[in-house]
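Novice: Got a structure for you, written out below as structure tokens; questions coming shortly.
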Amino acid sequence: MNGSKRTLKIVLIAAIVLVILGTVAEIIYIRASVRIVVPGQASNLYEVTRVVDGDTIVVATAGGTEKIRLIGINTPETVDPRKPVECFGKEASQRTHELIERKTVRIEVDATTENRDKYGRLLRYVYLPDGTSVNESLVRDGYARENSYGKTYSQRDRFRAAEAEARAAHRGLWNPSNCPQDDPLPTKSRYKKR
């Protein structure tokens, strides 16, 4: 009886270990299939297959493709069928094409914000191989506005400083000769409720 209890105990422990290993393997598979990107791991390198507009891209993944919305920025609209193309929108989209289309980029999560936006796009920071932040670069060079859509994110202060620098230098969309109309989203009203 002691021997059969011991064998049963070993079989039971082995079964529990197998269930645990199977569960861990399933979790890893599910995480890979929904393409959750973990900062600091080699798995966060992706090829940009398409630039939708200045602040939205598509990357190749093991399971197909995934749309990425760059955190903390908003470029002038070019593809929304409900809106006309906004001032400096084509230039912003072209700049994103130049920076990252058909290139491998590093994509990182921000633990302080949602994983996806209301359209199902992953919210991420995008970096060039040399470490340059695409999100911040677009703001600093005047192709995008800082915009948190009323939510916090870890790099907001940096992006706001980058926008202030672009405004002061009249870069891109902040240059009156590029966009002569009044800024539809003045800094004062955009920041007061945050």
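Ordering of the structure tokens sets the chain letters (A, B, ...); residue numbers start at 1 within each chain; ligands are numbered from 1 in the order shown.
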Please report, as a tab-separated table, each residue of stretch 84-109 of chain A lying at most 8 Å from stretch 45-67 of chain A, together with the nearest pair of atoms and the separation in Å rounded to one decimal; use only C-alpha atoms, and order rows by chain and ascending residue number.

Specialist:
residue	atom	partner	partner_atom	distance
A:Gly89	CA	A:Gly54	CA	7.4
A:Ala92	CA	A:Gly54	CA	5.1
A:Ser93	CA	A:Gly54	CA	3.9
A:Gln94	CA	A:Gly54	CA	7.3
A:Arg95	CA	A:Gly54	CA	7.2
A:Thr96	CA	A:Gly54	CA	5.4
A:His97	CA	A:Val51	CA	6.0
A:Ile100	CA	A:Val48	CA	6.5
A:Glu101	CA	A:Val48	CA	5.3
A:Arg102	CA	A:Val48	CA	5.0
A:Lys103	CA	A:Glu47	CA	5.4
A:Thr104	CA	A:Glu47	CA	4.2
A:Val105	CA	A:Tyr46	CA	5.5
A:Arg106	CA	A:Leu45	CA	4.6
A:Ile107	CA	A:Leu45	CA	6.4

Novice: Could you pull the residues within 7 Å of stretch 71-86 of chain A, counting only C-alpha atoms, minus those fewer than 5 positions along the same chain, as a count of residues only?

Specialist: 15

Novice: Which of these, A:Glu163, A:Asp117, A:Glu108, A:Asp157, has the shortest distance to A:Leu138 once you count only C-alpha atoms?

Specialist: A:Glu163

Novice: At what distance in Å, to one decimal, does atom CA of A:Thr132 lie from atom CA of A:Ala166?

Specialist: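 Here the two named atoms are 16.9 Å from each other.
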
Novice: I need the alpha helix (DSSP H) residues of stretch 72-134 of chain A per DSSP on the backbone, written as a list in words.

Specialist: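 DSSP on the backbone gives alpha helix (DSSP H) at Gly89, Lys90, Glu91, Ala92, Ser93, Gln94, Arg95, Thr96, His97, Glu98, Leu99, Ile100 and Val134 of chain A.
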
Novice: Calculate how many Å separate atom CA of A:Val134 from atom CA of A:Gln155, rounding to one decimal.

Specialist: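 Atom CA of A:Gln155 lies at a distance of 12.6 Å from atom CA of A:Val134.
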
Novice: With only C-alpha atoms as the atoms that count, which of A:Asp141, A:Gly3, A:Ala164, A:Leu21 lies nearest to A:Glu91?

Specialist: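 Comparing A:Asp141, A:Gly3, A:Ala164, A:Leu21 against A:Glu91, the winner is A:Asp141.
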
Novice: Tell me which protein, DNA and RNA residues are within 12 Å of A:Ser177, counting only C-alpha atoms, leaving out same-chain ones fewer than 6 positions away, and put them as a PyMOL selection string.

Specialist: chain A and resi 87-88+170-171

Novice: Using only N, CA and C atoms, please write the residues we just selected to a file, as a PDB file, in the first residue's frame.

Specialist:
ATOM      1  N   CYS A  87      -3.593  70.859 -42.451  1.00  0.00           N
ATOM      2  CA  CYS A  87      -2.342  71.525 -42.773  1.00  0.00           C
ATOM      3  C   CYS A  87      -1.151  70.743 -42.216  1.00  0.00           C
ATOM      4  N   PHE A  88      -0.185  70.488 -43.053  1.00  0.00           N
ATOM      5  CA  PHE A  88       1.060  69.794 -42.757  1.00  0.00           C
ATOM      6  C   PHE A  88       0.864  68.289 -42.540  1.00  0.00           C
ATOM      7  N   HIS A 170       9.536  77.674 -34.604  1.00  0.00           N
ATOM      8  CA  HIS A 170       8.638  77.721 -35.771  1.00  0.00           C
ATOM      9  C   HIS A 170       8.935  76.594 -36.751  1.00  0.00           C
ATOM     10  N   ARG A 171       9.101  75.382 -36.204  1.00  0.00           N
ATOM     11  CA  ARG A 171       9.375  74.224 -37.054  1.00  0.00           C
ATOM     12  C   ARG A 171       8.080  73.600 -37.560  1.00  0.00           C
TER      13      ARG A 171
END

Novice: Tell me, in Å to one decimal, how far atom CA of A:Lys151 is from atom CA of A:Ala111.

Specialist: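 If I compute the distance from atom CA of A:Lys151 to atom CA of A:Ala111, I get 12.5 Å.
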
Novice: Which residue out of A:Pro176, A:Val19, A:Leu70, A:Ser154 has the minimum interatomic distance to A:Leu122 when only C-alpha atoms are used?

Specialist: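 Using only C-alpha atoms, A:Leu122 sits closest to A:Leu70.
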
Novice: Which residues are near A:Ala162? Cut-off 7 Å, only C-alpha atoms, ignore same chain within fewer than 3 positions. Put them as number ranges by chain.

Specialist: A: 136, 139-140, 158-159, 165-166
